$ cat coords-v5.cif   # mmCIF, C-alpha atoms and all ligand atoms
data_data
loop_
_atom_site.label_atom_id
_atom_site.label_comp_id
_atom_site.auth_asym_id
_atom_site.auth_seq_id
_atom_site.Cartn_x
_atom_site.Cartn_y
_atom_site.Cartn_z
CA MET A 19 129.16 121.78 98.47
CA SER A 20 130.67 120.43 95.35
CA ILE A 21 128.52 117.72 93.88
CA SER A 22 131.56 115.80 92.68
CA ASN A 23 132.53 115.15 96.31
CA ASN A 24 129.40 113.14 96.68
CA LYS A 25 129.37 111.28 93.45
CA PRO A 26 130.10 107.59 93.47
CA LYS A 27 133.56 107.05 92.06
CA SER A 28 132.78 103.86 90.26
CA LYS A 29 130.10 101.28 89.82
CA GLN A 30 131.69 99.48 92.73
CA ASP A 31 130.76 102.37 95.01
CA LEU A 32 127.14 101.76 94.22
CA LYS A 33 127.35 98.12 95.15
CA THR A 34 125.98 96.88 98.38
CA THR A 35 127.24 94.49 100.94
CA THR A 36 125.40 91.92 102.87
CA SER A 37 126.64 89.30 105.23
CA SER A 38 127.10 85.77 104.06
CA ALA A 39 124.19 84.92 106.28
CA THR A 40 121.90 86.53 103.75
CA ASP A 41 122.66 83.65 101.45
CA ASN A 42 121.05 81.24 103.81
CA ALA A 43 117.48 80.22 104.13
CA GLU A 44 116.92 82.16 107.28
CA SER A 45 117.49 85.62 105.90
CA ALA A 46 115.64 84.75 102.77
CA ASP A 47 112.70 83.31 104.59
CA HIS A 48 112.47 86.25 106.92
CA LEU A 49 112.02 88.44 103.93
CA SER A 50 109.78 86.36 101.79
CA ALA A 51 108.37 83.39 103.61
CA VAL A 52 104.74 84.31 103.08
CA ASP A 53 105.19 84.43 99.37
CA SER A 54 104.23 80.90 98.58
CA ALA A 55 105.83 81.08 95.16
CA ALA A 56 109.06 82.26 96.65
CA ALA A 57 108.80 79.78 99.46
CA LYS A 58 108.98 77.00 96.88
CA LEU A 59 112.34 78.25 95.68
CA GLY A 60 115.65 77.02 96.96
CA GLU A 61 117.20 79.01 99.78
CA SER A 62 119.60 80.91 97.58
CA ASP A 63 116.79 81.80 95.20
CA ILE A 64 114.92 83.94 97.62
CA GLN A 65 115.51 87.63 98.05
CA PRO A 66 117.33 88.68 101.17
CA ALA A 67 118.03 92.21 102.25
CA GLN A 68 120.63 94.21 100.42
CA GLU A 69 123.01 96.47 102.22
CA PRO A 70 125.69 98.72 100.82
CA VAL A 71 129.25 98.82 102.03
CA THR A 72 129.59 102.20 103.60
CA ASP A 73 129.02 101.76 107.27
CA LYS A 74 132.34 101.44 109.05
CA SER A 75 130.60 100.91 112.36
CA THR A 76 129.02 97.71 111.11
CA SER A 77 131.66 96.63 108.62
CA ASP A 78 132.61 93.57 110.67
CA GLU A 79 129.06 92.30 110.21
CA LEU A 80 129.43 92.55 106.46
CA SER A 81 131.45 90.09 104.52
CA PHE A 82 130.63 90.15 100.83
CA VAL A 83 129.55 92.57 98.18
CA HIS A 84 126.66 92.39 95.76
CA ASP A 85 124.52 94.68 93.63
CA ALA A 86 121.47 96.16 95.28
CA VAL A 87 118.26 94.71 93.94
CA LEU A 88 116.52 96.83 91.31
CA LEU A 89 118.84 99.69 92.14
CA GLN A 90 119.03 101.33 88.69
CA GLU A 91 115.36 100.69 87.96
CA THR A 92 114.18 102.19 91.24
CA VAL A 93 116.30 105.32 90.99
CA ALA A 94 115.36 105.84 87.32
CA ALA A 95 111.69 105.42 88.27
CA VAL A 96 111.81 107.93 91.09
CA LEU A 97 113.45 110.45 88.74
CA GLY A 98 110.83 109.75 86.06
CA VAL A 99 113.35 108.63 83.43
CA ARG A 100 113.53 105.40 81.45
CA SER A 101 117.09 104.66 82.44
CA LEU A 102 120.06 106.31 84.08
CA PRO A 103 123.15 107.45 82.18
CA LYS A 104 125.66 104.63 81.92
CA GLN A 105 128.05 105.90 84.56
CA THR A 106 128.57 109.11 86.44
CA ASP A 107 132.27 109.90 86.80
CA ASP A 108 134.22 111.92 89.35
CA THR A 109 133.57 115.18 87.55
CA GLY A 110 129.82 114.63 87.52
CA GLN A 111 129.84 113.84 83.80
CA ASN A 112 126.71 111.95 82.80
CA SER A 113 124.79 112.92 85.93
CA LEU A 114 121.22 113.91 85.17
CA GLN A 115 121.63 116.86 87.59
CA MET A 116 117.95 116.78 88.51
CA SER A 117 116.57 119.45 90.79
CA GLY A 118 113.70 118.86 93.17
CA ILE A 119 112.82 117.24 96.48
CA TYR A 120 113.02 113.46 96.86
CA VAL A 121 112.40 110.99 99.69
CA ASP A 122 114.11 107.67 100.43
CA ALA A 123 111.68 106.26 102.99
CA THR A 124 113.95 103.31 103.93
CA PHE A 125 117.57 104.49 104.03
CA GLY A 126 119.11 101.24 105.37
CA ARG A 127 122.75 101.74 104.48
CA GLY A 128 121.94 104.20 101.71
CA GLY A 129 122.46 102.20 98.51
CA HIS A 130 119.49 103.71 96.73
CA SER A 131 120.09 107.13 98.28
CA ARG A 132 123.68 107.28 97.06
CA LEU A 133 122.80 106.43 93.47
CA LEU A 134 119.97 108.95 93.55
CA LEU A 135 122.30 111.63 94.92
CA SER A 136 124.69 110.99 92.03
CA GLN A 137 121.91 112.10 89.68
CA LEU A 138 120.77 115.15 91.64
CA ALA A 139 121.84 118.77 91.23
CA ASP A 140 123.39 120.83 94.00
CA ASP A 141 120.10 122.55 94.74
CA ALA A 142 118.15 119.28 95.15
CA THR A 143 117.07 117.86 98.51
CA LEU A 144 116.91 114.23 99.62
CA ILE A 145 115.05 113.42 102.82
CA VAL A 146 115.84 109.98 104.21
CA PHE A 147 113.81 108.05 106.78
CA ASP A 148 114.62 104.98 108.82
CA LYS A 149 113.34 103.53 112.08
CA ASP A 150 116.66 101.86 112.85
CA PRO A 151 119.13 103.83 115.00
CA THR A 152 122.18 102.29 113.28
CA ALA A 153 120.82 103.09 109.82
CA ILE A 154 120.19 106.61 111.04
CA SER A 155 123.75 107.03 112.28
CA VAL A 156 124.97 106.04 108.79
CA ALA A 157 122.51 108.55 107.30
CA HIS A 158 123.84 111.29 109.60
CA GLU A 159 127.36 110.46 108.45
CA LEU A 160 126.27 110.92 104.85
CA ALA A 161 124.40 114.13 105.69
CA SER A 162 127.53 115.52 107.34
CA THR A 163 129.31 115.41 103.98
CA ASP A 164 126.36 116.20 101.73
CA SER A 165 124.16 119.16 102.59
CA ARG A 166 121.44 117.95 100.23
CA VAL A 167 120.62 115.13 102.67
CA LYS A 168 118.14 115.60 105.55
CA VAL A 169 117.61 112.77 108.03
CA VAL A 170 114.44 111.68 109.83
CA HIS A 171 114.66 109.03 112.52
CA ASP A 172 111.07 107.88 112.39
CA SER A 173 108.66 105.68 110.52
CA PHE A 174 107.81 106.65 106.96
CA ALA A 175 104.24 106.60 108.26
CA THR A 176 105.04 110.08 109.64
CA LEU A 177 105.81 111.29 106.11
CA THR A 178 103.45 114.28 105.96
CA ASP A 179 104.16 115.56 109.48
CA SER A 180 107.92 115.02 109.25
CA LEU A 181 108.11 116.87 105.93
CA ALA A 182 105.80 119.63 107.21
CA ALA A 183 108.21 120.14 110.13
CA MET A 184 110.86 120.96 107.49
CA GLY A 185 108.47 123.28 105.68
CA ILE A 186 107.95 120.78 102.83
CA THR A 187 104.45 120.07 101.54
CA LYS A 188 105.19 118.59 98.11
CA VAL A 189 107.88 116.32 96.73
CA ASP A 190 109.00 115.19 93.27
CA GLY A 191 109.67 111.56 94.08
CA LEU A 192 109.16 108.95 96.79
CA MET A 193 110.93 105.61 97.04
CA ALA A 194 110.78 102.79 99.59
CA ASP A 195 112.63 99.48 99.76
CA LEU A 196 110.53 97.60 102.29
CA GLY A 197 111.47 95.01 104.89
CA ILE A 198 114.52 94.51 107.06
CA SER A 199 118.18 94.83 106.26
CA SER A 200 120.98 92.27 106.45
CA PRO A 201 122.67 93.93 109.43
CA GLN A 202 119.36 93.75 111.29
CA ILE A 203 119.14 90.00 110.71
CA ASP A 204 122.82 89.28 111.16
CA ASP A 205 123.10 90.91 114.56
CA GLY A 206 121.61 88.20 116.78
CA SER A 207 121.07 90.69 119.61
CA ARG A 208 118.35 92.38 117.54
CA GLY A 209 116.19 89.27 117.88
CA PHE A 210 115.21 88.88 114.21
CA SER A 211 117.22 85.70 113.80
CA PHE A 212 116.14 82.20 114.71
CA MET A 213 119.65 80.96 114.00
CA ARG A 214 121.64 83.33 116.19
CA ASP A 215 120.82 83.67 119.84
CA GLY A 216 119.67 86.97 121.23
CA ALA A 217 116.95 88.76 123.13
CA VAL A 218 113.48 88.28 121.68
CA ASP A 219 113.26 91.91 120.55
CA MET A 220 112.62 92.30 116.78
CA ARG A 221 112.03 96.05 116.92
CA MET A 222 113.45 98.00 113.99
CA ASP A 223 113.42 101.06 116.22
CA THR A 224 115.08 99.96 119.45
CA SER A 225 114.60 103.42 120.94
CA ARG A 226 110.85 103.01 121.42
CA GLY A 227 107.95 100.58 121.55
CA GLN A 228 107.63 97.13 123.09
CA SER A 229 109.79 94.15 122.22
CA VAL A 230 108.28 90.85 121.10
CA ALA A 231 109.27 89.38 124.50
CA GLU A 232 107.30 92.07 126.35
CA TRP A 233 104.33 91.50 124.07
CA LEU A 234 104.47 87.70 124.46
CA GLU A 235 104.31 88.05 128.25
CA LYS A 236 100.96 89.83 127.95
CA VAL A 237 99.25 88.46 124.88
CA ASP A 238 96.60 85.72 125.10
CA ASP A 239 96.77 82.50 123.06
CA GLU A 240 94.06 83.49 120.64
CA THR A 241 95.51 86.89 119.76
CA LEU A 242 98.94 85.35 119.31
CA ALA A 243 97.50 82.65 117.02
CA ASN A 244 95.71 85.31 114.97
CA VAL A 245 98.95 87.25 114.52
CA LEU A 246 100.83 84.12 113.42
CA TYR A 247 98.09 83.37 110.93
CA GLU A 248 97.53 86.86 109.60
CA PHE A 249 101.13 88.04 109.25
CA GLY A 250 102.89 84.72 108.71
CA GLU A 251 100.16 82.74 106.99
CA GLU A 252 101.08 80.03 109.50
CA ARG A 253 98.48 77.28 109.15
CA HIS A 254 99.38 75.73 112.50
CA SER A 255 99.07 79.01 114.35
CA ARG A 256 96.89 77.75 117.24
CA ARG A 257 99.13 74.87 118.16
CA ILE A 258 102.25 77.03 117.95
CA ALA A 259 100.64 79.84 119.96
CA ARG A 260 99.72 77.42 122.75
CA ALA A 261 103.29 76.10 122.89
CA ILE A 262 104.77 79.60 122.98
CA LYS A 263 102.44 80.64 125.79
CA GLN A 264 103.55 77.62 127.84
CA MET A 265 107.16 78.87 127.87
CA ASP A 266 108.49 80.13 131.22
CA SER A 267 110.27 83.13 129.73
CA TYR A 268 111.06 84.78 126.42
CA GLU A 269 114.74 85.56 126.78
CA SER A 270 116.28 83.65 123.92
CA THR A 271 115.44 83.59 120.21
CA LEU A 272 116.96 80.12 119.91
CA GLU A 273 114.74 78.79 122.70
CA LEU A 274 111.70 80.37 121.12
CA ALA A 275 112.62 78.91 117.73
CA GLU A 276 113.10 75.47 119.28
CA VAL A 277 109.67 75.54 120.94
CA ILE A 278 108.06 76.51 117.62
CA LYS A 279 110.02 73.80 115.83
CA VAL A 280 108.83 71.11 118.25
CA ALA A 281 105.22 72.33 118.07
CA HIS A 282 105.17 72.57 114.27
CA PRO A 283 103.66 69.39 112.80
CA ASN A 284 104.65 69.94 109.21
CA TRP A 285 108.30 70.70 108.51
CA GLN A 286 109.27 71.61 104.99
CA ARG A 287 112.58 70.72 103.44
CA GLY A 288 115.02 73.64 103.42
CA LYS A 289 112.89 75.84 105.61
CA HIS A 290 113.09 76.32 109.37
CA PRO A 291 109.67 75.63 110.95
CA ALA A 292 109.90 78.94 112.84
CA THR A 293 110.28 81.00 109.66
CA GLN A 294 106.68 82.08 109.32
CA SER A 295 106.09 82.60 113.04
CA PHE A 296 109.19 84.81 113.38
CA GLN A 297 108.15 86.79 110.34
CA ALA A 298 104.63 87.24 111.70
CA MET A 299 105.86 88.53 115.08
CA ARG A 300 108.29 90.89 113.36
CA ILE A 301 105.65 92.31 111.03
CA PHE A 302 103.24 92.71 113.94
CA ILE A 303 105.63 94.33 116.44
CA ASN A 304 106.84 96.85 113.83
CA ASN A 305 103.36 97.53 112.44
CA GLU A 306 104.89 96.95 109.01
CA LEU A 307 101.71 96.61 106.98
CA GLY A 308 99.97 99.50 108.74
CA ASP A 309 102.97 101.73 108.05
CA VAL A 310 102.98 100.77 104.37
CA ASP A 311 99.25 101.54 104.04
CA SER A 312 99.71 104.89 105.74
CA PHE A 313 102.74 105.78 103.58
CA LEU A 314 100.89 104.93 100.38
CA GLU A 315 97.85 107.03 101.34
CA GLN A 316 100.07 109.99 102.19
CA SER A 317 101.83 109.73 98.85
CA ILE A 318 98.70 111.08 97.13
CA PRO A 319 98.69 114.58 98.67
CA ILE A 320 102.50 114.76 99.04
CA LEU A 321 103.51 114.00 95.46
CA LYS A 322 103.51 116.85 92.97
CA SER A 323 101.68 116.43 89.71
CA GLY A 324 104.07 114.32 87.61
CA GLY A 325 105.85 113.11 90.77
CA GLN A 326 106.97 109.49 90.95
CA LEU A 327 106.25 106.70 93.43
CA ALA A 328 108.56 103.65 93.51
CA VAL A 329 108.15 100.87 96.09
CA ILE A 330 110.09 97.58 96.28
CA SER A 331 108.56 94.70 98.21
CA PHE A 332 109.72 91.16 98.89
CA HIS A 333 106.60 89.26 99.83
CA SER A 334 103.04 88.99 98.71
CA LEU A 335 101.45 90.55 101.81
CA GLU A 336 103.13 93.84 100.91
CA ASP A 337 103.06 93.56 97.14
CA ARG A 338 99.32 92.87 97.18
CA ARG A 339 98.67 96.05 99.18
CA ILE A 340 100.74 98.19 96.85
CA LYS A 341 99.07 96.67 93.80
CA GLN A 342 95.58 97.22 95.20
CA PHE A 343 96.39 100.79 96.24
CA LEU A 344 97.59 101.67 92.76
CA GLN A 345 94.61 99.94 91.14
CA ARG A 346 92.22 101.84 93.41
CA HIS A 347 93.75 105.17 92.50
CA SER A 348 94.47 104.71 88.84
CA LYS A 349 91.51 102.85 87.36
CA GLY A 350 88.73 105.38 87.87
CA GLN A 351 86.51 102.70 89.43
CA TYR A 352 82.99 103.56 90.61
CA LEU A 353 82.76 104.30 94.31
CA GLU A 354 80.99 101.60 96.28
CA ASP A 355 78.00 102.03 98.62
CA GLU A 356 76.56 104.89 96.66
CA ASN A 357 72.77 105.23 96.46
CA LEU A 358 73.00 107.64 93.58
CA PRO A 359 71.78 106.39 90.18
CA MET A 360 75.10 107.45 88.68
CA PRO A 361 77.73 106.84 91.38
CA PRO A 362 80.83 108.97 91.02
CA LYS A 363 84.14 107.44 90.07
CA ARG A 364 87.26 107.49 92.17
CA PRO A 365 89.72 110.14 91.05
CA ARG A 366 92.64 108.76 89.06
CA TYR A 367 95.39 110.10 91.26
CA PHE A 368 98.00 107.91 89.60
CA SER A 369 98.72 107.00 86.02
CA LYS A 370 100.95 104.41 84.37
CA PRO A 371 101.12 101.93 87.26
CA LYS A 372 103.75 99.37 86.42
CA ARG A 373 105.41 96.37 88.00
CA VAL A 374 109.07 95.68 87.34
CA GLY A 375 110.97 92.57 88.32
CA PRO A 376 114.68 91.99 88.20
CA SER A 377 116.19 91.26 84.78
CA LYS A 378 117.42 87.77 83.91
CA ASP A 379 120.93 89.13 84.21
CA GLU A 380 120.30 90.44 87.67
CA VAL A 381 118.74 87.16 88.80
CA SER A 382 121.63 85.17 87.39
CA GLN A 383 124.17 87.49 89.00
CA ASN A 384 122.18 87.77 92.19
CA PRO A 385 119.62 84.97 92.77
CA ARG A 386 118.31 86.85 95.78
CA SER A 387 116.67 89.41 93.53
CA ARG A 388 114.17 86.81 92.33
CA SER A 389 111.30 87.60 94.67
CA ALA A 390 111.61 91.39 94.55
CA TRP A 391 108.98 93.48 92.82
CA LEU A 392 109.18 97.17 92.13
CA ARG A 393 105.85 98.93 91.67
CA LEU A 394 105.88 102.40 90.26
CA ALA A 395 103.39 105.01 89.17
CA THR A 396 103.19 108.68 88.22
CA ARG A 397 101.07 111.15 90.19
CA SER A 398 98.42 112.67 87.93
CA ASP A 399 97.38 116.32 87.94
CA ILE A 400 94.09 115.64 89.76
CA GLU A 401 94.01 117.62 92.95
CA TYR A 402 93.69 115.59 96.14
CA VAL A 403 90.31 115.80 97.85
CA THR A 404 89.90 114.51 101.38
CA ASP A 405 87.02 112.08 101.29
CA ASP A 406 86.57 108.97 103.42
CA LYS A 407 84.98 107.11 100.52
CA GLN A 408 88.14 107.30 98.43
C1 LIG B 1 115.69 96.60 102.81
S1 LIG B 1 116.33 97.81 103.91
C2 LIG B 1 116.63 99.18 102.84
C3 LIG B 1 117.96 99.13 102.18
C4 LIG B 1 118.32 100.38 101.42
N1 LIG B 1 117.49 100.59 100.26
C5 LIG B 1 119.76 100.36 101.01
O1 LIG B 1 120.03 100.44 99.80
O2 LIG B 1 120.61 100.30 101.88
C6 LIG B 1 114.89 98.38 104.74
C7 LIG B 1 115.16 99.47 105.77
O3 LIG B 1 113.92 100.11 106.00
C8 LIG B 1 113.77 100.37 107.37
N2 LIG B 1 112.31 100.42 107.62
C9 LIG B 1 111.42 99.41 107.49
N3 LIG B 1 110.18 99.85 107.76
C10 LIG B 1 110.29 101.18 108.04
C11 LIG B 1 109.35 102.19 108.37
N4 LIG B 1 108.05 101.93 108.52
N5 LIG B 1 109.81 103.44 108.53
C12 LIG B 1 111.13 103.73 108.41
N6 LIG B 1 112.08 102.80 108.11
C13 LIG B 1 111.66 101.54 107.93
C14 LIG B 1 114.48 99.24 108.06
O4 LIG B 1 114.89 99.64 109.35
C15 LIG B 1 115.66 99.00 107.11
O5 LIG B 1 116.78 99.75 107.51
#

$ encode --input "coords-v5.cif" --output "structure tokens" --more "lines below"
Ligand SMILES: C[S@@+](CC[C@H](N)C(=O)[O-])C[C@H]1O[C@@H](n2cnc3c(N)ncnc32)[C@H](O)[C@@H]1O
Amino acid sequence: MSISNNKPKSKQDLKTTTSSATDNAESADHLSAVDSAAAKLGESDIQPAQEPVTDKSTSDELSFVHDAVLLQETVAAVLGVRSLPKQTDDTGQNSLQMSGIYVDATFGRGGHSRLLLSQLADDATLIVFDKDPTAISVAHELASTDSRVKVVHDSFATLTDSLAAMGITKVDGLMADLGISSPQIDDGSRGFSFMRDGAVDMRMDTSRGQSVAEWLEKVDDETLANVLYEFGEERHSRRIARAIKQMDSYESTLELAEVIKVAHPNWQRGKHPATQSFQAMRIFINNELGDVDSFLEQSIPILKSGGQLAVISFHSLEDRRIKQFLQRHSKGQYLEDENLPMPPKRPRYFSKPKRVGPSKDEVSQNPRSRSAWLRLATRSDIEYVTDDKQ
């Protein structure tokens, strides 16, 4: 395959599209409500999902174009370079032509994947993951025109096993752009929206697992309240849980949102009272935090020495986990619970952990980028040792 066939033709090709709904408080709050700092911002200040314009099957859901958040920074980080060449043209001029094996753990509509591909050589491989069947159909479309792309319809928590099934045990770079996409929010039938009616589903992967409605039928008040508190930081979780459990059925997101709204004693200006509860149920039903933890742990044995990890998050529950993971594996801290007089230190599996936010320019051009953080680090040459205490 000729690499020039796959290169973006212009900067415009690397732009992403999101529906106008992502400008509203709902999309923003879905993605960042638990970040109290972000929650204080105006609705257009908060980061929504970013989705590129490439998917014809969903193009009617998409109505305006914008730059993907931290796109250049993330792709440069995963390639281990300071910055990307200014522009790659049709002939491949200015492409870094990097060889190696890379993973985009959250394909979405492929914004990050496409820019990365523009910098890869013909012999490179890009494995893309997504839970979402529509995202996966877009990924298959891309793979059908670019033999460097391999597609996995599964959680990135299956990283090691999915790569092993392809005969891959080490990779040069891993990137993930966490959360949900604009098309997922904008399609009311997916159940993520409290402003568009639909089934109370909220699964990213609609081909498996239980929907939120199925879970709500079975869950007891206390467990529900704990989920609302833990994953939505909803201070009125008990009262809201009781009201939800008094509902006759869970068939409509708008009905569910209304019940939460009525039960919520403390409305905040510019923020729907169901924001945090919807976010909590979404995070819970998709096991979002568990998947992130698992992905991060697997990055240690999977990354080659010198390999790069780049993860974008949009709220503090995720960012905190990524930060703590990188601290744990880069600081050489003493292991806890050791009775030895000289307890051993944790191996420094990563070096140069760094946090990158959007530039002023990016924020002014795209206010949604404000709450995004990219954390990156380089895998050291210390060999991975399986040890529960690590
Ligand atoms: C913010 S979007 C990514 C957008 C993408 N970077 C782009 O440029 O189009 C997040 C995507 O990750 C997917 N996703 C979230 N958690 C996942 C997981 N644990 N495993 C696989 N995919 C996941 C969602 O289905 C969604 O399509």

$ residues_near_ligand --input "coords-v5.cif" --ligand "ligand LIG 1 (chain B)" --cutoff "7 Å" --atoms "only C-alpha atoms and all ligand atoms" --output "PyMOL selection string"
chain A and resi 67-70+86+123-131+147-150+153+172-175+195-199+222+306+309-310

$ closest_residue --input "coords-v5.cif" --among "A:Ser101, A:Gly191, A:Thr271, A:Ile262" --to "Arg214 of chain A" --atoms "all atoms listed in the file"
A:Thr271

$ atom_distance --input "coords-v5.cif" --atom1 "atom CA of Lys188 of chain A" --atom2 "atom CA of Leu321 of chain A"
5.6 Å

$ residues_around --input "coords-v5.cif" --residues "Arg221 of chain A" --least-positions-apart "6" --cutoff "10 Å" --atoms "all atoms listed in the file" --output "number ranges by chain"
A: 149-150, 202, 208-210, 227-230, 299-305

$ atom_distance --input "coords-v5.cif" --atom1 "atom CA of Gln345 of chain A" --atom2 "atom CA of Ala194 of chain A"
18.5 Å

$ atom_distance --input "coords-v5.cif" --atom1 "atom CA of Leu392 of chain A" --atom2 "atom CA of Gln326 of chain A"
12.6 Å

$ closest_residue --input "coords-v5.cif" --among "A:Ala182, A:Leu144, A:Leu344, A:Met265" --to "Lys370 of chain A" --atoms "only C-alpha atoms"
A:Leu344

$ closest_residue --input "coords-v5.cif" --among "A:Thr293, A:Ser136, A:Thr178, A:Ser225" --to "Met213 of chain A" --atoms "only C-alpha atoms"
A:Thr293

$ axis_aligned_box --input "coords-v5.cif" --around "segment 206-217 of chain A" --padding-each-side "3 Å" --output "JSON"
{"center_x": 118.4, "center_y": 86.7, "center_z": 118.5, "size_x": 12.4, "size_y": 17.4, "size_z": 15.3}

$ residues_around --input "coords-v5.cif" --residues "Val99 of chain A" --least-positions-apart "2" --cutoff "12 Å" --atoms "all atoms listed in the file" --output "ChimeraX atom specification"
/A:90-97,101-103,114,116,137,191,324-326,394,396

$ write_last_selection --input "coords-v5.cif" --atoms "C-alpha atoms" --output "PDB file, in the frame of the given file"
ATOM      1  CA  GLN A  90     119.030 101.330  88.690  1.00  0.00           C
ATOM      2  CA  GLU A  91     115.360 100.690  87.960  1.00  0.00           C
ATOM      3  CA  THR A  92     114.180 102.190  91.240  1.00  0.00           C
ATOM      4  CA  VAL A  93     116.300 105.320  90.990  1.00  0.00           C
ATOM      5  CA  ALA A  94     115.360 105.840  87.320  1.00  0.00           C
ATOM      6  CA  ALA A  95     111.690 105.420  88.270  1.00  0.00           C
ATOM      7  CA  VAL A  96     111.810 107.930  91.090  1.00  0.00           C
ATOM      8  CA  LEU A  97     113.450 110.450  88.740  1.00  0.00           C
ATOM      9  CA  SER A 101     117.090 104.660  82.440  1.00  0.00           C
ATOM     10  CA  LEU A 102     120.060 106.310  84.080  1.00  0.00           C
ATOM     11  CA  PRO A 103     123.150 107.450  82.180  1.00  0.00           C
ATOM     12  CA  LEU A 114     121.220 113.910  85.170  1.00  0.00           C
ATOM     13  CA  MET A 116     117.950 116.780  88.510  1.00  0.00           C
ATOM     14  CA  GLN A 137     121.910 112.100  89.680  1.00  0.00           C
ATOM     15  CA  GLY A 191     109.670 111.560  94.080  1.00  0.00           C
ATOM     16  CA  GLY A 324     104.070 114.320  87.610  1.00  0.00           C
ATOM     17  CA  GLY A 325     105.850 113.110  90.770  1.00  0.00           C
ATOM     18  CA  GLN A 326     106.970 109.490  90.950  1.00  0.00           C
ATOM     19  CA  LEU A 394     105.880 102.400  90.260  1.00  0.00           C
ATOM     20  CA  THR A 396     103.190 108.680  88.220  1.00  0.00           C
TER      21      THR A 396
END

$ residues_around --input "coords-v5.cif" --residues "Pro365 of chain A" --least-positions-apart "3" --cutoff "8 Å" --atoms "only C-alpha atoms" --output "mmCIF file with C-alpha atoms, keeping the file's coordinate frame"
data_model
loop_
_atom_site.group_PDB
_atom_site.id
_atom_site.type_symbol
_atom_site.label_atom_id
_atom_site.label_comp_id
_atom_site.auth_asym_id
_atom_site.auth_seq_id
_atom_site.Cartn_x
_atom_site.Cartn_y
_atom_site.Cartn_z
ATOM 1 C CA HIS A 347 93.750 105.170 92.500
ATOM 2 C CA SER A 348 94.470 104.710 88.840
ATOM 3 C CA GLY A 350 88.730 105.380 87.870
ATOM 4 C CA ILE A 400 94.090 115.640 89.760
#
